[in-house]
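K.L.:
Next up is a structure, given as structure tokens.
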Amino acid sequence: MSTPTLIGVAAFRGRYTARLIQFGEKPEILVPLLRRIWTDTFGRDTDAMAAALLARDWWSLAINPKHRRWDRQPPVPGLGYPIVTEDDTIRRGLLRENLDGALEWLYLLHLEQRRLVVYEATVHGRWLRHTAHHLDPVEDLFVTTPALDGGPEMTVYTVCGAVDEIDHVEVPSMAGYGYDTATSCTRCGSSVATDPMFGDHLVRKPWPPQQPATGDPTGSAR
């Protein structure tokens with residue numbers, strides 16, 4: 001069963017350009033694959049990766065695609081299997097658009113930040129922000145990981161190592177669609193704030209905390 005998915009590049013005020021992946025995948029599968037494509041195929045060149053993804057529609061993405069006898073076009077090395085379509089045009093859309101019901105996921109690259117933001121289609125035919133990921137996972141502010149005792153997933157802050165020490169606020173966005181969110185670590189104070197118009201703003205606080213300098217900072221005697 002196919003999972004129609006869009007992949008593309010974020011633009012200003014919720015706009016985007018994208019291509020179809022007929023057999024897309026959920027983020028747990030596609031995000032690691034895109035990270036590997038970014039590293040192995042494009043040498044961490046985000047612009048080159050985006051241009052290649054937007055050059056055509058796709059059946060599926062793959063790091064090492066093999067030729068199959070039923071393929072109408074040869075696979076693109078290090079990227080995947082392209083689709084032959086009569087209307088070979090780039091899709092241009094808005095995050096607040098009404099969906100036609102066939103799409104399930106939207107993956108948008110933020111080129112300057114080297115980030116990937118994932119949206120899922122809701123039952124109401126709208127895009128809902130799902131997750132955000134740095135293409136380089138070392139840059140992620142927080143990650144989810146299975147609990148050692150088999151319990152629910154834990155959220156771990158990569159700055160200080162805090163587990164589930166989170167303050168999260170979510171309110172309808174003043175942009176007129178989507179939500180503004182703020183997630184912060186109550187231990188180290190690092191945070192990420194998001195809005196649908198400008199994306200994420202990350203603040204990494206030093207860890208361990210820097211100690212204030214002792215004595216008179218001006219060096220004057222009293």
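Residue numbering restarts at 1 for every chain of the structure tokens, chains are lettered A, B, ... in their displayed order, and ligands are numbered from 1 as they appear.
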So that I can check the surroundings of Val9 (chain A), please list as a PyMOL selection string every protein, DNA and RNA residue that reaches within 6 Å of it, counting only C-alpha atoms and ignoring chain neighbours fewer than 4 positions away.

P.N.:
chain A and resi 16-17+108-109

K.L.:
Those same residues, written as a short mmCIF file (atom, residue, chain, number, x, y, z; two decimals), in the first residue's frame with C-alpha atoms?

P.N.:
```cif
data_model
loop_
_atom_site.label_atom_id
_atom_site.label_comp_id
_atom_site.auth_asym_id
_atom_site.auth_seq_id
_atom_site.Cartn_x
_atom_site.Cartn_y
_atom_site.Cartn_z
CA TYR A 16 6.65 25.54 0.11
CA THR A 17 7.71 23.80 -3.09
CA LEU A 108 10.19 20.30 4.31
CA LEU A 109 13.87 21.21 4.25
#
```

K.L.:
Please provide the set of residues having any atom within 10 Å of region 115-129 of chain A, restricted to only C-alpha atoms, with same-chain residues fewer than 2 positions apart removed, written as a ChimeraX atom specification.

P.N.:
/A:5-10,26-27,31,34-35,46,94-113,131-137,139-140,177-179,195-196,199-200

K.L.:
Keeping only N, CA and C atoms, write the selected residues to a file as a short mmCIF file (atom, residue, chain, number, x, y, z; two decimals), in the first residue's frame.

P.N.:
```cif
data_model
loop_
_atom_site.label_atom_id
_atom_site.label_comp_id
_atom_site.auth_asym_id
_atom_site.auth_seq_id
_atom_site.Cartn_x
_atom_site.Cartn_y
_atom_site.Cartn_z
N THR A 5 3.38 11.02 -0.17
CA THR A 5 4.13 11.95 0.68
C THR A 5 4.69 13.06 -0.19
N LEU A 6 4.77 14.26 0.35
CA LEU A 6 5.44 15.36 -0.32
C LEU A 6 6.77 15.63 0.35
N ILE A 7 7.78 15.94 -0.46
CA ILE A 7 9.08 16.35 0.08
C ILE A 7 9.54 17.58 -0.69
N GLY A 8 10.04 18.58 0.05
CA GLY A 8 10.43 19.79 -0.64
C GLY A 8 11.16 20.77 0.26
N VAL A 9 10.98 22.05 -0.04
CA VAL A 9 11.72 23.12 0.61
C VAL A 9 10.74 24.15 1.16
N ALA A 10 10.95 24.55 2.40
CA ALA A 10 10.12 25.57 3.03
C ALA A 10 10.46 26.94 2.47
N LYS A 26 6.88 6.85 7.12
CA LYS A 26 6.72 7.62 8.34
C LYS A 26 8.09 8.15 8.78
N PRO A 27 8.11 9.18 9.65
CA PRO A 27 9.38 9.82 10.01
C PRO A 27 10.42 8.89 10.61
N VAL A 31 13.30 9.90 8.01
CA VAL A 31 14.28 10.87 8.52
C VAL A 31 15.69 10.28 8.55
N LEU A 34 16.92 10.12 4.93
CA LEU A 34 17.28 11.43 4.39
C LEU A 34 18.60 11.93 4.97
N ARG A 35 18.85 11.65 6.24
CA ARG A 35 20.14 12.03 6.82
C ARG A 35 21.28 11.30 6.12
N THR A 46 23.21 20.76 1.47
CA THR A 46 21.74 20.78 1.56
C THR A 46 21.11 21.35 0.31
N LEU A 94 0.75 25.90 0.40
CA LEU A 94 0.76 26.62 1.67
C LEU A 94 0.44 25.64 2.78
N LEU A 95 1.07 25.84 3.93
CA LEU A 95 0.82 24.94 5.05
C LEU A 95 -0.63 25.02 5.53
N ARG A 96 -1.31 26.12 5.28
CA ARG A 96 -2.70 26.25 5.71
C ARG A 96 -3.70 25.86 4.61
N GLU A 97 -3.21 25.23 3.55
CA GLU A 97 -4.08 24.83 2.45
C GLU A 97 -5.01 23.68 2.87
N ASN A 98 -6.12 23.52 2.12
CA ASN A 98 -6.99 22.37 2.28
C ASN A 98 -6.45 21.24 1.41
N LEU A 99 -6.32 20.05 2.00
CA LEU A 99 -5.74 18.91 1.31
C LEU A 99 -6.82 18.11 0.61
N ASP A 100 -6.38 17.35 -0.42
CA ASP A 100 -7.34 16.57 -1.20
C ASP A 100 -7.62 15.20 -0.61
N GLY A 101 -6.98 14.85 0.51
CA GLY A 101 -7.26 13.59 1.17
C GLY A 101 -6.34 12.46 0.80
N ALA A 102 -5.54 12.61 -0.27
CA ALA A 102 -4.68 11.51 -0.70
C ALA A 102 -3.32 11.54 -0.02
N LEU A 103 -2.89 12.69 0.45
CA LEU A 103 -1.56 12.83 1.02
C LEU A 103 -1.54 12.47 2.51
N GLU A 104 -0.38 11.95 2.97
CA GLU A 104 -0.27 11.57 4.37
C GLU A 104 0.83 12.33 5.11
N TRP A 105 1.95 12.64 4.45
CA TRP A 105 3.08 13.31 5.10
C TRP A 105 3.62 14.41 4.22
N LEU A 106 4.24 15.40 4.86
CA LEU A 106 4.96 16.47 4.18
C LEU A 106 6.28 16.69 4.91
N TYR A 107 7.40 16.60 4.17
CA TYR A 107 8.74 16.81 4.72
C TYR A 107 9.32 18.06 4.06
N LEU A 108 9.67 19.06 4.86
CA LEU A 108 10.19 20.30 4.31
C LEU A 108 11.59 20.58 4.84
N LEU A 109 12.51 20.82 3.91
CA LEU A 109 13.87 21.21 4.25
C LEU A 109 13.93 22.71 4.51
N HIS A 110 14.60 23.10 5.59
CA HIS A 110 14.94 24.50 5.86
C HIS A 110 16.43 24.61 5.56
N LEU A 111 16.76 25.17 4.42
CA LEU A 111 18.11 25.05 3.87
C LEU A 111 19.17 25.68 4.76
N GLU A 112 18.97 26.91 5.19
CA GLU A 112 20.02 27.59 5.95
C GLU A 112 20.25 26.95 7.31
N GLN A 113 19.21 26.37 7.87
CA GLN A 113 19.33 25.76 9.20
C GLN A 113 19.67 24.28 9.12
N THR A 131 7.05 16.79 13.75
CA THR A 131 8.35 16.82 14.42
C THR A 131 9.32 17.67 13.60
N ALA A 132 10.42 18.06 14.24
CA ALA A 132 11.51 18.77 13.56
C ALA A 132 12.81 18.04 13.85
N HIS A 133 13.68 17.97 12.84
CA HIS A 133 14.92 17.20 12.96
C HIS A 133 16.05 17.95 12.27
N HIS A 134 17.20 18.03 12.92
CA HIS A 134 18.40 18.50 12.24
C HIS A 134 18.92 17.39 11.33
N LEU A 135 19.39 17.76 10.17
CA LEU A 135 19.99 16.75 9.29
C LEU A 135 21.21 16.14 9.96
N ASP A 136 21.95 16.95 10.71
CA ASP A 136 23.03 16.42 11.53
C ASP A 136 22.44 16.17 12.92
N PRO A 137 22.23 14.90 13.32
CA PRO A 137 21.54 14.64 14.58
C PRO A 137 22.26 15.18 15.80
N GLU A 139 23.11 18.09 16.26
CA GLU A 139 22.59 19.42 16.51
C GLU A 139 21.21 19.41 17.15
N ASP A 140 20.56 18.25 17.23
CA ASP A 140 19.24 18.20 17.86
C ASP A 140 19.31 18.61 19.32
N TYR A 177 -2.74 30.45 11.49
CA TYR A 177 -2.84 29.02 11.26
C TYR A 177 -1.76 28.33 12.09
N GLY A 178 -1.99 27.07 12.45
CA GLY A 178 -1.01 26.33 13.21
C GLY A 178 -0.87 26.83 14.64
N TYR A 179 0.25 26.45 15.28
CA TYR A 179 0.47 26.77 16.69
C TYR A 179 1.86 27.33 16.92
N ASP A 195 7.17 28.69 15.42
CA ASP A 195 5.93 29.24 14.89
C ASP A 195 5.84 28.86 13.42
N PRO A 196 4.62 28.77 12.87
CA PRO A 196 4.48 28.27 11.50
C PRO A 196 5.03 29.20 10.44
N GLY A 199 9.46 29.16 11.66
CA GLY A 199 10.11 27.91 12.03
C GLY A 199 10.61 27.93 13.46
N ASP A 200 11.77 27.32 13.68
CA ASP A 200 12.30 27.14 15.04
C ASP A 200 13.34 28.20 15.40
#
```

K.L.:
Would you compute the distance between CA of Ala52 (chain A) and CA of Gln73 (chain A)? Give it in Å to one decimal.

P.N.:
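Separation between CA of Ala52 (chain A) and CA of Gln73 (chain A): 15.6 Å.
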
K.L.:
Which of region 108-179 of chain A counts as strand (DSSP E) under DSSP, as a PyMOL selection string please?

P.N.:
chain A and resi 108-110+115-121+127-134+142-145+154-157+166-172+179

K.L.:
What is the distance between CA of Leu61 (chain A) and CA of Leu79 (chain A), in Å to one decimal?

P.N.:
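Result for CA of Leu61 (chain A) versus CA of Leu79 (chain A): 5.6 Å, one decimal.
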
K.L.:
Which neighbours of Thr183 (chain A) fall inside 7 Å, counting only C-alpha atoms, when residues of the same chain fewer than 5 positions from it are skipped, and could you give them as an mmCIF file with N, CA and C atoms, in the first residue's frame?

P.N.:
```
data_model
loop_
_atom_site.group_PDB
_atom_site.id
_atom_site.type_symbol
_atom_site.label_atom_id
_atom_site.label_comp_id
_atom_site.auth_asym_id
_atom_site.auth_seq_id
_atom_site.Cartn_x
_atom_site.Cartn_y
_atom_site.Cartn_z
ATOM 1 N N ILE A 166 10.814 18.933 31.392
ATOM 2 C CA ILE A 166 10.383 19.757 30.271
ATOM 3 C C ILE A 166 9.238 20.668 30.682
ATOM 4 N N ASP A 167 9.296 21.893 30.194
ATOM 5 C CA ASP A 167 8.176 22.828 30.280
ATOM 6 C C ASP A 167 7.728 23.110 28.854
ATOM 7 N N HIS A 168 6.482 22.773 28.521
ATOM 8 C CA HIS A 168 5.998 22.911 27.140
ATOM 9 C C HIS A 168 4.729 23.747 27.121
ATOM 10 N N VAL A 169 4.704 24.730 26.224
ATOM 11 C CA VAL A 169 3.544 25.612 26.053
ATOM 12 C C VAL A 169 3.172 25.618 24.575
ATOM 13 N N SER A 191 16.201 25.912 25.151
ATOM 14 C CA SER A 191 14.813 25.925 24.698
ATOM 15 C C SER A 191 14.736 25.979 23.181
ATOM 16 N N VAL A 192 13.567 25.609 22.680
ATOM 17 C CA VAL A 192 13.259 25.766 21.261
ATOM 18 C C VAL A 192 11.848 26.325 21.166
ATOM 19 N N ALA A 193 11.715 27.435 20.445
ATOM 20 C CA ALA A 193 10.416 28.054 20.206
ATOM 21 C C ALA A 193 10.100 27.939 18.722
#
```

K.L.:
Enumerate the residues of chain A with a DSSP assignment of helix (DSSP H, G or I), computed from the backbone, and present them as a list in words.

P.N.:
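Across chain A, those assigned helix (DSSP H, G or I) are Phe12, Arg13, Gly14, Pro27, Glu28, Ile29, Leu30, Val31, Pro32, Leu33, Leu34, Arg35, Arg36, Ile37, Trp38, Thr39, Asp40, Thr41, Thr46, Asp47, Ala48, Met49, Ala50, Ala51, Ala52, Leu53, Pro137, Val138 and Glu139 of chain A.
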
K.L.:
For the residues selected in the previous step, produce a file with N, CA, C and O atoms as a CSV table (one decimal), in the first residue's frame.

P.N.:
```
chain,number,residue,atom,x,y,z
A,12,PHE,N,8.9,31.4,2.6
A,12,PHE,CA,8.4,32.4,3.5
A,12,PHE,C,6.9,32.3,3.8
A,12,PHE,O,6.1,31.9,2.9
A,13,ARG,N,6.5,32.6,5.0
A,13,ARG,CA,5.0,32.7,5.4
A,13,ARG,C,4.3,31.4,5.1
A,13,ARG,O,3.1,31.4,4.6
A,14,GLY,N,4.9,30.2,5.4
A,14,GLY,CA,4.2,29.0,5.2
A,14,GLY,C,4.1,28.4,3.8
A,14,GLY,O,3.4,27.4,3.6
A,27,PRO,N,8.1,9.2,9.7
A,27,PRO,CA,9.4,9.8,10.0
A,27,PRO,C,10.4,8.9,10.6
A,27,PRO,O,11.6,9.1,10.4
A,28,GLU,N,10.0,7.9,11.3
A,28,GLU,CA,11.0,7.0,12.0
A,28,GLU,C,11.8,6.3,10.9
A,28,GLU,O,13.0,5.9,11.2
A,29,ILE,N,11.3,6.1,9.7
A,29,ILE,CA,12.1,5.5,8.6
A,29,ILE,C,12.7,6.5,7.7
A,29,ILE,O,13.9,6.4,7.3
A,30,LEU,N,11.9,7.5,7.3
A,30,LEU,CA,12.4,8.4,6.2
A,30,LEU,C,13.4,9.5,6.8
A,30,LEU,O,14.3,9.8,6.0
A,31,VAL,N,13.3,9.9,8.0
A,31,VAL,CA,14.3,10.9,8.5
A,31,VAL,C,15.7,10.3,8.5
A,31,VAL,O,16.6,10.9,8.1
A,32,PRO,N,15.9,9.1,9.1
A,32,PRO,CA,17.3,8.5,9.0
A,32,PRO,C,17.8,8.3,7.6
A,32,PRO,O,18.9,8.5,7.3
A,33,LEU,N,16.8,7.9,6.7
A,33,LEU,CA,17.2,7.7,5.3
A,33,LEU,C,17.7,9.1,4.7
A,33,LEU,O,18.7,9.1,4.0
A,34,LEU,N,16.9,10.1,4.9
A,34,LEU,CA,17.3,11.4,4.4
A,34,LEU,C,18.6,11.9,5.0
A,34,LEU,O,19.4,12.6,4.3
A,35,ARG,N,18.8,11.7,6.2
A,35,ARG,CA,20.1,12.0,6.8
A,35,ARG,C,21.3,11.3,6.1
A,35,ARG,O,22.3,11.9,5.9
A,36,ARG,N,21.1,10.0,5.8
A,36,ARG,CA,22.1,9.3,5.1
A,36,ARG,C,22.3,9.8,3.7
A,36,ARG,O,23.5,9.9,3.2
A,37,ILE,N,21.2,10.1,3.0
A,37,ILE,CA,21.3,10.6,1.7
A,37,ILE,C,22.1,12.0,1.7
A,37,ILE,O,22.9,12.2,0.8
A,38,TRP,N,21.8,12.8,2.7
A,38,TRP,CA,22.4,14.1,2.8
A,38,TRP,C,23.9,13.9,3.0
A,38,TRP,O,24.7,14.7,2.4
A,39,THR,N,24.3,12.9,3.8
A,39,THR,CA,25.7,12.7,4.1
A,39,THR,C,26.4,12.0,3.0
A,39,THR,O,27.5,12.4,2.5
A,40,ASP,N,25.9,10.8,2.6
A,40,ASP,CA,26.6,9.9,1.7
A,40,ASP,C,26.6,10.4,0.3
A,40,ASP,O,27.5,10.3,-0.5
A,41,THR,N,25.4,10.8,-0.2
A,41,THR,CA,25.2,11.2,-1.6
A,41,THR,C,25.6,12.6,-1.9
A,41,THR,O,26.2,12.9,-2.9
A,46,THR,N,23.2,20.8,1.5
A,46,THR,CA,21.7,20.8,1.6
A,46,THR,C,21.1,21.3,0.3
A,46,THR,O,20.1,20.9,-0.1
A,47,ASP,N,21.7,22.4,-0.3
A,47,ASP,CA,21.2,23.0,-1.5
A,47,ASP,C,21.2,21.9,-2.7
A,47,ASP,O,20.2,21.8,-3.4
A,48,ALA,N,22.2,21.2,-2.8
A,48,ALA,CA,22.3,20.2,-3.9
A,48,ALA,C,21.3,19.1,-3.7
A,48,ALA,O,20.7,18.6,-4.6
A,49,MET,N,21.1,18.7,-2.4
A,49,MET,CA,20.1,17.6,-2.1
A,49,MET,C,18.7,18.1,-2.4
A,49,MET,O,17.9,17.4,-3.1
A,50,ALA,N,18.4,19.4,-2.1
A,50,ALA,CA,17.1,19.9,-2.3
A,50,ALA,C,16.8,20.0,-3.8
A,50,ALA,O,15.7,19.7,-4.3
A,51,ALA,N,17.8,20.5,-4.6
A,51,ALA,CA,17.7,20.6,-6.1
A,51,ALA,C,17.4,19.2,-6.7
A,51,ALA,O,16.6,19.1,-7.6
A,52,ALA,N,18.1,18.2,-6.2
A,52,ALA,CA,17.9,16.9,-6.8
A,52,ALA,C,16.5,16.3,-6.4
A,52,ALA,O,15.9,15.7,-7.3
A,53,LEU,N,16.1,16.5,-5.2
A,53,LEU,CA,14.8,16.0,-4.8
A,53,LEU,C,13.6,16.7,-5.6
A,53,LEU,O,12.6,16.1,-5.9
A,137,PRO,N,22.2,14.9,13.3
A,137,PRO,CA,21.5,14.6,14.6
A,137,PRO,C,22.3,15.2,15.8
A,137,PRO,O,21.6,15.4,16.8
A,138,VAL,N,23.6,15.5,15.7
A,138,VAL,CA,24.3,16.0,16.8
A,138,VAL,C,23.7,17.4,17.2
A,138,VAL,O,23.8,17.8,18.4
A,139,GLU,N,23.1,18.1,16.3
A,139,GLU,CA,22.6,19.4,16.5
A,139,GLU,C,21.2,19.4,17.2
A,139,GLU,O,20.7,20.5,17.5
```

K.L.:
Leaving out Pro206 (chain A) and any residue of its chain fewer than 2 positions from it, which residues lie within 10 Å of it when counting only C-alpha atoms, given as a PyMOL selection string?

P.N.:
chain A and resi 159-160+188-190+203-204+208-210

K.L.:
For the atom pair CA of Thr3 (chain A) and CA of Ser60 (chain A), what is the interatomic distance in Å to one decimal place?

P.N.:
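These two atoms are separated by 9.8 Å.
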
K.L.:
Do you know which residues are at most 12 Å from Thr89 (chain A) counting only C-alpha atoms, after dropping those on the same chain fewer than 6 positions away, and could you put them as a list in words?

P.N.:
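Listed by chain and then number, they are Thr17, Ala18, Arg19, Leu20, Leu54, Ala55, Arg56, Asp57 and Ile83 of chain A.
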